[in-house]
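Novice: Enclosed is the structure file coords_32.txt (compact mmCIF, C-alpha atoms).
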# COMPACT_ATOMS: atom_id res chain seq x y z
CA MET A 304 91.40 9.66 129.68
CA ARG A 305 94.31 11.13 131.63
CA ILE A 306 94.42 14.88 131.10
CA GLY A 307 97.01 17.42 132.21
CA VAL A 308 95.89 20.98 132.79
CA ILE A 309 98.76 23.51 132.81
CA GLY A 310 97.79 26.58 134.85
CA THR A 311 95.80 26.94 138.05
CA GLY A 312 93.91 30.17 137.38
CA SER A 313 90.15 30.31 136.99
CA VAL A 314 90.33 28.92 133.45
CA GLY A 315 92.49 25.95 134.45
CA ALA A 316 90.46 25.14 137.55
CA THR A 317 87.15 25.46 135.69
CA ILE A 318 88.27 23.17 132.87
CA ALA A 319 89.91 20.68 135.22
CA THR A 320 86.80 20.45 137.41
CA GLN A 321 84.55 19.82 134.43
CA LEU A 322 86.87 17.12 133.07
CA VAL A 323 86.85 15.31 136.41
CA ALA A 324 83.05 15.53 136.45
CA LYS A 325 83.11 13.79 133.08
CA ASP A 326 85.15 10.89 134.51
CA HIS A 327 88.57 11.90 133.27
CA GLU A 328 91.60 11.66 135.53
CA VAL A 329 93.03 15.16 135.74
CA ARG A 330 96.30 16.52 137.05
CA LEU A 331 96.47 20.27 137.58
CA GLY A 332 99.94 21.69 137.09
CA SER A 333 101.42 24.78 138.68
CA ARG A 334 104.83 26.39 138.82
CA THR A 335 105.66 24.71 142.13
CA ALA A 336 104.74 21.28 143.50
CA ASP A 337 103.29 22.70 146.70
CA ASN A 338 100.83 25.21 145.22
CA GLU A 339 98.14 25.56 147.90
CA LYS A 340 95.38 26.41 145.48
CA ALA A 341 96.07 23.32 143.37
CA ALA A 342 96.27 21.11 146.46
CA ALA A 343 92.99 22.47 147.77
CA TRP A 344 91.39 21.89 144.36
CA ALA A 345 92.56 18.25 144.24
CA ALA A 346 91.41 17.60 147.80
CA LYS A 347 87.98 19.05 147.07
CA VAL A 348 87.35 17.50 143.66
CA GLY A 349 88.17 13.96 144.73
CA PRO A 350 90.10 10.85 143.80
CA ARG A 351 90.32 11.45 140.03
CA ALA A 352 91.97 14.83 140.69
CA SER A 353 95.65 15.32 141.45
CA HIS A 354 98.14 18.15 141.30
CA GLY A 355 101.83 18.74 140.74
CA THR A 356 104.29 20.82 138.76
CA PHE A 357 103.80 21.82 135.14
CA ALA A 358 106.02 18.84 134.27
CA ASP A 359 104.04 16.47 136.51
CA ALA A 360 100.80 17.48 134.80
CA ALA A 361 102.29 17.32 131.30
CA GLY A 362 103.87 13.92 131.92
CA PHE A 363 100.62 12.56 133.37
CA GLY A 364 98.28 13.72 130.62
CA GLN A 365 97.58 11.91 127.37
CA LEU A 366 95.98 15.19 126.29
CA LEU A 367 96.99 18.61 127.64
CA PHE A 368 95.38 22.00 128.14
CA ASN A 369 97.43 25.21 128.24
CA CYS A 370 95.47 27.46 130.61
CA THR A 371 98.29 29.76 131.67
CA LEU A 372 98.30 33.50 131.13
CA GLY A 373 99.50 34.20 127.61
CA GLU A 374 102.54 36.12 128.75
CA ILE A 375 103.95 33.09 130.61
CA SER A 376 102.67 30.33 128.31
CA LEU A 377 105.93 29.67 126.47
CA ALA A 378 107.94 29.58 129.69
CA ALA A 379 105.38 27.35 131.42
CA LEU A 380 105.37 24.90 128.52
CA GLU A 381 109.17 24.91 128.45
CA SER A 382 109.10 24.11 132.16
CA ALA A 383 106.55 21.36 131.45
CA GLY A 384 109.21 19.66 129.35
CA ARG A 385 109.13 19.31 125.61
CA GLU A 386 109.46 15.53 125.93
CA ASN A 387 106.17 15.61 127.86
CA LEU A 388 104.45 17.50 125.02
CA ALA A 389 105.76 15.48 122.09
CA GLY A 390 103.06 13.73 120.10
CA LYS A 391 100.27 14.93 122.41
CA VAL A 392 97.26 17.07 121.66
CA LEU A 393 97.81 20.44 123.34
CA VAL A 394 94.68 22.57 123.60
CA ASP A 395 95.83 26.18 123.78
CA VAL A 396 93.24 28.28 125.61
CA ALA A 397 95.55 31.22 126.37
CA ASN A 398 95.23 34.76 125.04
CA PRO A 399 98.23 37.03 124.46
CA LEU A 400 96.87 39.82 126.63
CA ASP A 401 99.19 42.56 127.84
CA PHE A 402 97.69 44.48 130.76
CA SER A 403 100.64 46.82 131.14
CA THR A 404 98.86 49.64 129.33
CA GLY A 405 96.01 49.92 131.79
CA MET A 406 92.32 49.15 131.82
CA THR A 407 91.99 48.11 128.18
CA PRO A 408 94.63 45.49 127.46
CA HIS A 409 96.17 44.96 124.06
CA LEU A 410 97.76 41.89 122.52
CA PHE A 411 101.51 41.33 122.75
CA VAL A 412 101.40 39.37 119.50
CA ALA A 413 98.80 40.00 116.81
CA ASN A 414 97.90 40.50 113.18
CA THR A 415 100.81 38.77 111.39
CA ASP A 416 101.50 36.19 114.11
CA SER A 417 99.73 34.76 117.16
CA LEU A 418 100.39 32.98 120.43
CA GLY A 419 98.97 29.75 119.00
CA GLU A 420 101.52 29.87 116.20
CA ARG A 421 104.36 30.73 118.58
CA ILE A 422 103.53 27.72 120.73
CA GLN A 423 103.32 25.43 117.69
CA ARG A 424 106.65 26.77 116.36
CA GLU A 425 108.39 26.46 119.72
CA PHE A 426 107.05 22.93 120.33
CA PRO A 427 106.80 21.43 116.84
CA GLU A 428 106.16 17.93 118.16
CA ALA A 429 103.07 19.02 120.10
CA ARG A 430 99.78 18.84 118.20
CA VAL A 431 98.47 22.31 119.06
CA VAL A 432 94.76 23.09 118.77
CA LYS A 433 93.66 26.63 119.60
CA ALA A 434 90.22 26.56 121.21
CA LEU A 435 87.93 28.12 123.82
CA ASN A 436 89.92 31.39 124.07
CA THR A 437 86.92 33.34 122.73
CA VAL A 438 84.67 32.87 125.78
CA ALA A 439 84.87 33.42 129.53
CA ALA A 440 85.71 30.39 131.68
CA PRO A 441 82.14 29.65 132.90
CA ILE A 442 80.94 29.54 129.28
CA MET A 443 83.80 27.28 128.14
CA VAL A 444 82.43 24.33 130.11
CA ASN A 445 78.75 25.33 130.15
CA PRO A 446 77.66 26.81 126.83
CA GLY A 447 74.05 26.14 127.83
CA LYS A 448 74.38 29.04 130.26
CA LEU A 449 73.63 31.30 127.28
CA HIS A 450 70.41 31.32 125.29
CA GLY A 451 70.25 30.25 121.68
CA GLU A 452 72.81 28.69 119.40
CA HIS A 453 76.37 29.96 119.61
CA LEU A 454 79.70 28.52 118.71
CA VAL A 455 83.32 27.92 119.50
CA PHE A 456 86.26 27.64 117.12
CA VAL A 457 89.14 25.21 116.66
CA CYS A 458 92.21 25.65 114.50
CA GLY A 459 95.48 23.79 114.16
CA ASN A 460 97.72 21.95 111.76
CA ASP A 461 96.75 18.40 112.79
CA ALA A 462 93.34 17.20 111.57
CA GLY A 463 93.26 14.27 113.97
CA ALA A 464 94.02 16.52 116.93
CA LYS A 465 91.22 18.90 115.90
CA ALA A 466 88.81 15.95 115.62
CA ASP A 467 89.78 14.78 119.13
CA VAL A 468 89.30 18.25 120.60
CA THR A 469 86.01 18.75 118.78
CA ARG A 470 84.66 15.50 120.26
CA LEU A 471 85.82 16.51 123.74
CA LEU A 472 84.20 19.95 123.42
CA GLN A 473 80.96 18.36 122.31
CA ARG A 474 80.81 15.42 124.69
CA ASP A 475 82.40 16.77 127.84
CA PHE A 476 81.70 20.51 127.63
CA GLY A 477 78.36 20.46 125.78
CA TRP A 478 79.24 22.50 122.69
CA LYS A 479 76.76 21.90 119.88
CA ARG A 480 78.66 23.81 117.20
CA VAL A 481 82.45 23.67 116.85
CA LEU A 482 83.73 25.40 113.71
CA ASP A 483 87.10 24.44 112.22
CA LEU A 484 88.79 27.63 110.97
CA GLY A 485 91.79 25.91 109.38
CA ASP A 486 95.44 25.74 110.31
CA ILE A 487 97.08 27.29 113.36
CA THR A 488 97.48 30.67 111.61
CA ALA A 489 93.73 31.11 112.17
CA SER A 490 94.72 31.82 115.79
CA ARG A 491 95.39 35.33 114.46
CA GLY A 492 91.64 35.61 113.98
CA THR A 493 90.41 34.09 117.22
CA GLU A 494 93.00 35.93 119.32
CA ALA A 495 92.37 39.29 117.59
CA TYR A 496 88.67 38.79 118.31
CA LEU A 497 89.60 39.42 121.96
CA LEU A 498 89.94 43.10 121.07
CA LEU A 499 86.26 43.07 120.09
CA TRP A 500 85.34 40.81 123.02
CA LEU A 501 86.78 43.39 125.45
CA ARG A 502 84.59 46.11 123.91
CA LEU A 503 81.53 43.86 124.01
CA TRP A 504 82.25 43.22 127.69
CA GLY A 505 82.34 46.98 128.22
CA ALA A 506 79.06 47.53 126.38
CA LEU A 507 77.16 44.53 127.79
CA LYS A 508 78.55 44.84 131.37
CA THR A 509 78.87 41.07 131.64
CA THR A 510 81.18 38.32 130.37
CA ASP A 511 78.20 36.01 129.90
CA PHE A 512 78.01 36.32 126.14
CA ASN A 513 79.32 34.73 123.00
CA VAL A 514 79.01 35.11 119.27
CA ALA A 515 76.60 33.14 117.17
CA LEU A 516 76.65 33.04 113.38
CA ALA A 517 73.80 34.33 111.24
CA GLN A 518 73.82 33.02 107.68
CA MET B 334 68.98 64.50 103.48
CA ARG B 335 71.96 65.31 101.24
CA ILE B 336 74.61 62.62 101.65
CA GLY B 337 78.13 62.44 100.23
CA VAL B 338 79.66 59.03 99.63
CA ILE B 339 83.46 59.07 99.29
CA GLY B 340 84.62 56.09 97.23
CA THR B 341 83.13 54.38 94.20
CA GLY B 342 83.96 50.74 94.93
CA SER B 343 81.33 48.12 95.62
CA VAL B 344 80.82 49.37 99.19
CA GLY B 345 80.34 53.00 98.11
CA ALA B 346 78.04 52.13 95.20
CA THR B 347 75.96 49.74 97.32
CA ILE B 348 75.49 52.27 100.11
CA ALA B 349 74.83 55.16 97.71
CA THR B 350 72.19 53.17 95.80
CA GLN B 351 70.36 52.22 98.99
CA LEU B 352 70.40 55.81 100.24
CA VAL B 353 68.87 57.04 96.96
CA ALA B 354 66.22 54.33 97.22
CA LYS B 355 65.37 55.77 100.65
CA ASP B 356 64.82 59.23 99.15
CA HIS B 357 68.13 60.82 100.07
CA GLU B 358 70.01 62.97 97.57
CA VAL B 359 73.38 61.33 97.12
CA ARG B 360 76.60 62.48 95.50
CA LEU B 361 79.19 59.80 94.84
CA GLY B 362 82.75 61.09 95.00
CA SER B 363 85.78 59.74 93.19
CA ARG B 364 89.37 60.82 92.72
CA THR B 365 88.57 62.51 89.40
CA ALA B 366 85.49 64.41 88.24
CA ASP B 367 85.10 62.28 85.12
CA ASN B 368 85.09 58.81 86.73
CA GLU B 369 83.13 56.66 84.26
CA LYS B 370 81.86 54.25 86.86
CA ALA B 371 80.47 57.08 89.01
CA ALA B 372 78.89 58.75 85.97
CA ALA B 373 77.25 55.48 84.91
CA TRP B 374 75.98 54.96 88.47
CA ALA B 375 74.41 58.45 88.60
CA ALA B 376 72.81 58.04 85.15
CA LYS B 377 71.34 54.69 86.13
CA VAL B 378 70.11 55.52 89.62
CA GLY B 379 68.25 58.67 88.62
CA PRO B 380 67.66 62.30 89.49
CA ARG B 381 68.54 62.11 93.21
CA ALA B 382 71.98 60.70 92.30
CA SER B 383 74.94 62.79 91.22
CA HIS B 384 78.70 62.38 91.08
CA GLY B 385 81.87 64.42 91.29
CA THR B 386 85.23 64.59 93.00
CA PHE B 387 85.85 63.63 96.62
CA ALA B 388 85.56 67.35 97.40
CA ASP B 389 82.31 67.72 95.42
CA ALA B 390 80.74 64.85 97.35
CA ALA B 391 82.03 66.08 100.72
CA GLY B 392 80.87 69.63 100.08
CA PHE B 393 77.44 68.42 98.95
CA GLY B 394 76.71 66.07 101.84
CA GLN B 395 75.25 67.03 105.21
CA LEU B 396 76.37 63.57 106.30
CA LEU B 397 79.29 61.67 104.75
CA PHE B 398 80.35 58.06 104.27
CA ASN B 399 84.00 57.06 103.89
CA CYS B 400 83.86 54.00 101.62
CA THR B 401 87.39 54.16 100.25
CA LEU B 402 89.96 51.39 100.67
CA GLY B 403 91.60 51.79 104.05
CA GLU B 404 95.03 52.37 102.62
CA ILE B 405 93.89 55.50 100.76
CA SER B 406 91.28 56.76 103.24
CA LEU B 407 93.40 59.50 104.83
CA ALA B 408 94.56 60.81 101.45
CA ALA B 409 91.03 60.69 100.01
CA LEU B 410 89.62 62.60 102.99
CA GLU B 411 92.43 65.15 102.76
CA SER B 412 91.54 65.58 99.09
CA ALA B 413 87.86 65.92 100.07
CA GLY B 414 88.87 69.03 101.99
CA ARG B 415 88.90 69.35 105.77
CA GLU B 416 86.57 72.36 105.54
CA ASN B 417 84.02 70.04 103.89
CA LEU B 418 84.25 67.57 106.79
CA ALA B 419 84.13 70.06 109.66
CA GLY B 420 81.13 69.59 111.92
CA LYS B 421 79.68 66.76 109.82
CA VAL B 422 78.95 63.17 110.73
CA LEU B 423 81.49 61.00 108.90
CA VAL B 424 80.59 57.31 108.84
CA ASP B 425 83.84 55.40 108.44
CA VAL B 426 83.19 52.04 106.77
CA ALA B 427 86.81 51.39 105.72
CA ASN B 428 89.04 48.60 106.96
CA PRO B 429 92.84 48.95 107.22
CA LEU B 430 93.53 45.88 105.07
CA ASP B 431 96.98 45.37 103.59
CA PHE B 432 96.91 42.84 100.75
CA SER B 433 100.65 43.07 100.05
CA THR B 434 101.38 39.85 101.93
CA GLY B 435 99.27 37.64 99.70
CA MET B 436 96.00 35.76 99.99
CA THR B 437 95.35 36.41 103.66
CA PRO B 438 95.61 40.15 104.24
CA HIS B 439 96.67 41.67 107.52
CA LEU B 440 95.89 45.07 109.03
CA PHE B 441 98.27 47.99 108.52
CA VAL B 442 97.14 49.48 111.82
CA ALA B 443 95.87 47.36 114.69
CA ASN B 444 95.85 46.49 118.36
CA THR B 445 96.97 49.77 119.96
CA ASP B 446 95.53 52.07 117.28
CA SER B 447 93.02 51.86 114.44
CA LEU B 448 92.03 53.49 111.19
CA GLY B 449 88.95 54.99 112.82
CA GLU B 450 91.14 56.70 115.41
CA ARG B 451 93.61 57.89 112.78
CA ILE B 452 90.81 59.50 110.80
CA GLN B 453 89.38 61.16 113.91
CA ARG B 454 92.83 62.44 114.93
CA GLU B 455 93.62 63.72 111.45
CA PHE B 456 90.23 65.43 111.07
CA PRO B 457 89.31 66.49 114.62
CA GLU B 458 86.39 68.61 113.46
CA ALA B 459 84.67 65.67 111.75
CA ARG B 460 82.29 63.65 113.90
CA VAL B 461 83.59 60.17 113.05
CA VAL B 462 81.39 57.13 113.62
CA LYS B 463 82.88 53.73 112.77
CA ALA B 464 80.17 51.43 111.46
CA LEU B 465 79.31 48.65 108.99
CA ASN B 466 82.94 47.55 108.48
CA THR B 467 82.16 44.14 109.99
CA VAL B 468 79.92 42.88 107.17
CA ALA B 469 80.11 42.50 103.39
CA ALA B 470 78.53 45.23 101.28
CA PRO B 471 75.30 43.35 100.39
CA ILE B 472 74.64 42.74 104.10
CA MET B 473 75.33 46.37 105.06
CA VAL B 474 72.18 47.58 103.31
CA ASN B 475 70.14 44.38 103.53
CA PRO B 476 70.61 42.65 106.89
CA GLY B 477 67.41 40.70 106.21
CA LYS B 478 69.39 38.69 103.68
CA LEU B 479 70.60 36.61 106.65
CA HIS B 480 68.39 34.50 108.89
CA GLY B 481 67.86 35.31 112.53
CA GLU B 482 68.89 38.25 114.65
CA HIS B 483 72.36 39.67 114.10
CA LEU B 484 73.92 43.01 114.76
CA VAL B 485 76.13 45.85 113.69
CA PHE B 486 78.31 48.11 115.82
CA VAL B 487 78.85 51.84 116.12
CA CYS B 488 81.58 53.65 118.00
CA GLY B 489 82.77 57.22 118.14
CA ASN B 490 83.40 60.18 120.41
CA ASP B 491 80.22 62.13 119.57
CA ALA B 492 77.01 60.76 121.10
CA GLY B 493 74.77 62.82 118.81
CA ALA B 494 76.60 61.55 115.73
CA LYS B 495 76.21 57.96 116.90
CA ALA B 496 72.49 58.53 117.47
CA ASP B 497 72.14 59.94 113.94
CA VAL B 498 73.98 57.00 112.40
CA THR B 499 72.03 54.49 114.47
CA ARG B 500 68.74 55.95 113.21
CA LEU B 501 69.98 55.86 109.62
CA LEU B 502 71.12 52.23 109.97
CA GLN B 503 67.75 51.27 111.39
CA ARG B 504 65.48 53.29 109.14
CA ASP B 505 67.30 53.24 105.82
CA PHE B 506 69.30 50.01 105.97
CA GLY B 507 66.95 47.87 108.08
CA TRP B 508 69.22 47.03 111.02
CA LYS B 509 67.22 45.92 114.05
CA ARG B 510 70.12 45.86 116.51
CA VAL B 511 72.84 48.51 116.55
CA LEU B 512 75.22 48.18 119.51
CA ASP B 513 77.18 51.19 120.75
CA LEU B 514 80.68 50.00 121.74
CA GLY B 515 81.88 53.32 123.13
CA ASP B 516 84.39 55.87 121.92
CA ILE B 517 86.37 55.73 118.69
CA THR B 518 89.08 53.55 120.28
CA ALA B 519 86.56 50.69 120.02
CA SER B 520 87.46 50.71 116.30
CA ARG B 521 90.42 48.61 117.46
CA GLY B 522 87.88 45.91 118.24
CA THR B 523 85.68 46.10 115.17
CA GLU B 524 88.67 46.40 112.81
CA ALA B 525 90.59 43.54 114.47
CA TYR B 526 87.46 41.41 114.08
CA LEU B 527 88.27 41.44 110.34
CA LEU B 528 91.07 38.97 111.09
CA LEU B 529 88.41 36.57 112.37
CA TRP B 530 85.97 37.53 109.60
CA LEU B 531 88.56 36.51 106.98
CA ARG B 532 88.91 33.07 108.60
CA LEU B 533 85.14 32.68 108.84
CA TRP B 534 84.93 33.52 105.14
CA GLY B 535 87.47 30.77 104.47
CA ALA B 536 85.57 28.23 106.55
CA LEU B 537 82.04 29.14 105.41
CA LYS B 538 82.96 29.74 101.72
CA THR B 539 80.64 32.74 101.55
CA THR B 540 80.61 36.35 102.71
CA ASP B 541 76.91 36.09 103.49
CA PHE B 542 77.29 35.85 107.24
CA ASN B 543 77.46 38.01 110.32
CA VAL B 544 77.79 37.63 114.05
CA ALA B 545 74.86 37.55 116.39
CA LEU B 546 75.15 37.77 120.16
CA ALA B 547 74.09 34.97 122.50
CA GLN B 548 73.53 36.07 126.10
Since I need it in another form, could you write the structure as structure tokens?

Specialist:
Amino acid sequence: MRIGVIGTGSVGATIATQLVAKDHEVRLGSRTADNEKAAAWAAKVGPRASHGTFADAAGFGQLLFNCTLGEISLAALESAGRENLAGKVLVDVANPLDFSTGMTPHLFVANTDSLGERIQREFPEARVVKALNTVAAPIMVNPGKLHGEHLVFVCGNDAGAKADVTRLLQRDFGWKRVLDLGDITASRGTEAYLLLWLRLWGALKTTDFNVALAQ
Amino acid sequence: MRIGVIGTGSVGATIATQLVAKDHEVRLGSRTADNEKAAAWAAKVGPRASHGTFADAAGFGQLLFNCTLGEISLAALESAGRENLAGKVLVDVANPLDFSTGMTPHLFVANTDSLGERIQREFPEARVVKALNTVAAPIMVNPGKLHGEHLVFVCGNDAGAKADVTRLLQRDFGWKRVLDLGDITASRGTEAYLLLWLRLWGALKTTDFNVALAQ
């Protein structure tokens, strides 16, 4: 499948690399066409990897990942072009973190709204699925790095889009348990969990962790 | 030990009953001295159980539990009498849930502040430990109801108070893993987790669940 990854940070590069390893054709999109990091990534990862602007990546992909920082996600997706998002599954991995208040960030949208909802409202023709924002990048594409059974969540308004993303998470990223939390408003839950995740990071002194469910 | 439990809802009654079963003397406090539910509880549970006002329970206890609804916690603790809280460990189990917006509640304080912090600020001489607010009442006192290893969190500014609460959770409630998340500002994390907990409840159709950690 052709996949566009919006955002060249560690999350975008990690996801893009794994998708190429699983035989997808991947275009990594950045703010400018001549982003050196994106060019170096494409040169290293090989012929199924390419790079370009946000719009290049969004136009190329049949399925898209938003891996930008939360605070620039709406602007980056606007720059990607709403005609390039229309009808496509858009996996939103971003978290609405605001680092302006120092060492412990807070969320710039929370509780009664969420970044996932904002993106879905702003781009109503995109089929937004919030996923993977509850784990660090190395865990996103390699859940087997942690011991025992743990899980990742999906939510969104489009059942078919959630089914597509669930299959991709299972087949290409190795997730054994993907839990559907409902419509896109459930992003309020998975994004607010970041406030606990940050404290767990502080207590455990590593980002190599995730939640499992005991029942 | 003499323990005061502020609040006669299902959380307060469940915790008070378990503490009596573990040989503590427990006074259950309600808004009025003649609360029928509290009187019936004390009559049923036996000689180590008593009931009275918020102030009666707070004056009686060497250690206190706040099991009131979040929206009345500050008023209930004010009514309990700040002189009755001074110097004592106060286990804050409340969540700042606001049900005014319908089926899916939100939090009336979140993100950059928390109910645990508000209580500690309002009653600086109490030794507040936030705990147990991340699980349903039956799980609080019977973690063995769920399969596998799962955990509960403590946070607060007083290390000795956290050690006391950790021992009580282990010895009297049966928790095997109690994770210290740091100072009382970590309540922002464990309270915000409720927004995920509510979605998990919706997806799992039961409140018999908890998070475990995979590492």

Novice: Can you list, as a compact mmCIF listing (two decimals) with C-alpha atoms, keeping the file's coordinate frame, every protein, DNA or RNA residue that comes within 7 Å of range 321-334 of chain A when you count all atoms listed in the file, leaving out same-chain residues fewer than 4 positions away?

Specialist:
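out19.txt written:
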# COMPACT_ATOMS: atom_id res chain seq x y z
CA MET A 304 91.40 9.66 129.68
CA ARG A 305 94.31 11.13 131.63
CA ILE A 306 94.42 14.88 131.10
CA GLY A 307 97.01 17.42 132.21
CA VAL A 308 95.89 20.98 132.79
CA ILE A 309 98.76 23.51 132.81
CA GLY A 310 97.79 26.58 134.85
CA THR A 311 95.80 26.94 138.05
CA THR A 317 87.15 25.46 135.69
CA ASN A 338 100.83 25.21 145.22
CA ALA A 341 96.07 23.32 143.37
CA ARG A 351 90.32 11.45 140.03
CA ALA A 352 91.97 14.83 140.69
CA SER A 353 95.65 15.32 141.45
CA HIS A 354 98.14 18.15 141.30
CA GLY A 355 101.83 18.74 140.74
CA THR A 356 104.29 20.82 138.76
CA PHE A 357 103.80 21.82 135.14
CA ASP A 359 104.04 16.47 136.51
CA ALA A 360 100.80 17.48 134.80
CA PHE A 363 100.62 12.56 133.37
CA VAL A 444 82.43 24.33 130.11
CA ASP A 475 82.40 16.77 127.84

Novice: Set out as CSV a contact list for chain A and chain B with a cut-off of 10 Å, giving each residue of chain A that qualifies its closest atom pair and distance in Å to one decimal, counting all atoms listed in the file, ordered by chain and rising residue number.

Specialist:
residue,atom,partner,partner_atom,distance
A:Thr404,CA,B:Thr445,CA,9.6
A:Thr407,CA,B:Thr445,CA,9.8
A:Pro408,CA,B:Thr445,CA,8.9
A:His409,CA,B:Asn444,CA,5.9
A:Leu410,CA,B:Asn444,CA,6.5
A:Phe411,CA,B:Asn444,CA,8.8
A:Val412,CA,B:Asn444,CA,9.1
A:Ala413,CA,B:Asn444,CA,7.3
A:Asn414,CA,B:His439,CA,5.9
A:Thr415,CA,B:His439,CA,6.4
A:Asp416,CA,B:His439,CA,9.8
A:Pro446,CA,B:Ala547,CA,9.9
A:Lys448,CA,B:Gln548,CA,8.2
A:Leu449,CA,B:Gln548,CA,4.9
A:His450,CA,B:Gln548,CA,5.7
A:Gly451,CA,B:Ala547,CA,6.1
A:Glu452,CA,B:Ala547,CA,7.1
A:His453,CA,B:Ala547,CA,6.2
A:Leu454,CA,B:Ala547,CA,9.4
A:Phe456,CA,B:Leu533,CA,9.8
A:Leu482,CA,B:Ala536,CA,7.9
A:Asp483,CA,B:Ala536,CA,7.0
A:Leu484,CA,B:Ala536,CA,5.5
A:Gly485,CA,B:Ala536,CA,7.2
A:Asp486,CA,B:Arg532,CA,10.0
A:Thr488,CA,B:Arg532,CA,9.4
A:Ala489,CA,B:Arg532,CA,6.3
A:Ser490,CA,B:Leu529,CA,8.6
A:Arg491,CA,B:Leu528,CA,6.6
A:Gly492,CA,B:Leu529,CA,3.7
A:Thr493,CA,B:Leu529,CA,5.8
A:Glu494,CA,B:Leu529,CA,8.4
A:Ala495,CA,B:Ala525,CA,5.6
A:Tyr496,CA,B:Tyr526,CA,5.1
A:Leu497,CA,B:Gly522,CA,7.7
A:Leu498,CA,B:Gly522,CA,4.5
A:Leu499,CA,B:Gly522,CA,3.8
A:Trp500,CA,B:Gly522,CA,7.4
A:Leu501,CA,B:Gly522,CA,7.7
A:Arg502,CA,B:Leu514,CA,5.9
A:Leu503,CA,B:Leu514,CA,6.6
A:Trp504,CA,B:Leu514,CA,9.2
A:Gly505,CA,B:Leu514,CA,7.3
A:Ala506,CA,B:Leu514,CA,5.5
A:Leu507,CA,B:Leu514,CA,8.9
A:Thr509,CA,B:Gln548,CA,9.2
A:Thr510,CA,B:Gln548,CA,9.0
A:Asp511,CA,B:Gln548,CA,6.0
A:Phe512,CA,B:Gln548,CA,4.5
A:Asn513,CA,B:Ala547,CA,5.3
A:Val514,CA,B:Leu546,CA,4.8
A:Ala515,CA,B:Ala545,CA,4.8
A:Leu516,CA,B:Val544,CA,4.8
A:Ala517,CA,B:Asn543,CA,5.3
A:Gln518,CA,B:Phe542,CA,4.5

Novice: Asp497 in chain B: which residues within 10 Å, counting all atoms listed in the file, same-chain residues fewer than 4 positions away excluded, as a list in words?

Specialist: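 Selected residues are Leu396, Val422, Val462, Ala492, Gly493, Leu501 and Leu502 of chain B.
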
Novice: Write out the residues from the selection above, keeping C-alpha atoms, as an mmCIF file, keeping the file's coordinate frame.

Specialist:
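This went into selection.cif:
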data_model
loop_
_atom_site.group_PDB
_atom_site.id
_atom_site.type_symbol
_atom_site.label_atom_id
_atom_site.label_comp_id
_atom_site.auth_asym_id
_atom_site.auth_seq_id
_atom_site.Cartn_x
_atom_site.Cartn_y
_atom_site.Cartn_z
ATOM 1 C CA LEU B 396 76.370 63.570 106.300
ATOM 2 C CA VAL B 422 78.950 63.170 110.730
ATOM 3 C CA VAL B 462 81.390 57.130 113.620
ATOM 4 C CA ALA B 492 77.010 60.760 121.100
ATOM 5 C CA GLY B 493 74.770 62.820 118.810
ATOM 6 C CA LEU B 501 69.980 55.860 109.620
ATOM 7 C CA LEU B 502 71.120 52.230 109.970
#

Novice: What gap, in Å, lies between CA of Arg451 in chain B and CA of Ile405 in chain B?

Specialist: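 So the two atoms, CA of Arg451 in chain B and CA of Ile405 in chain B, lie 12.3 Å apart.
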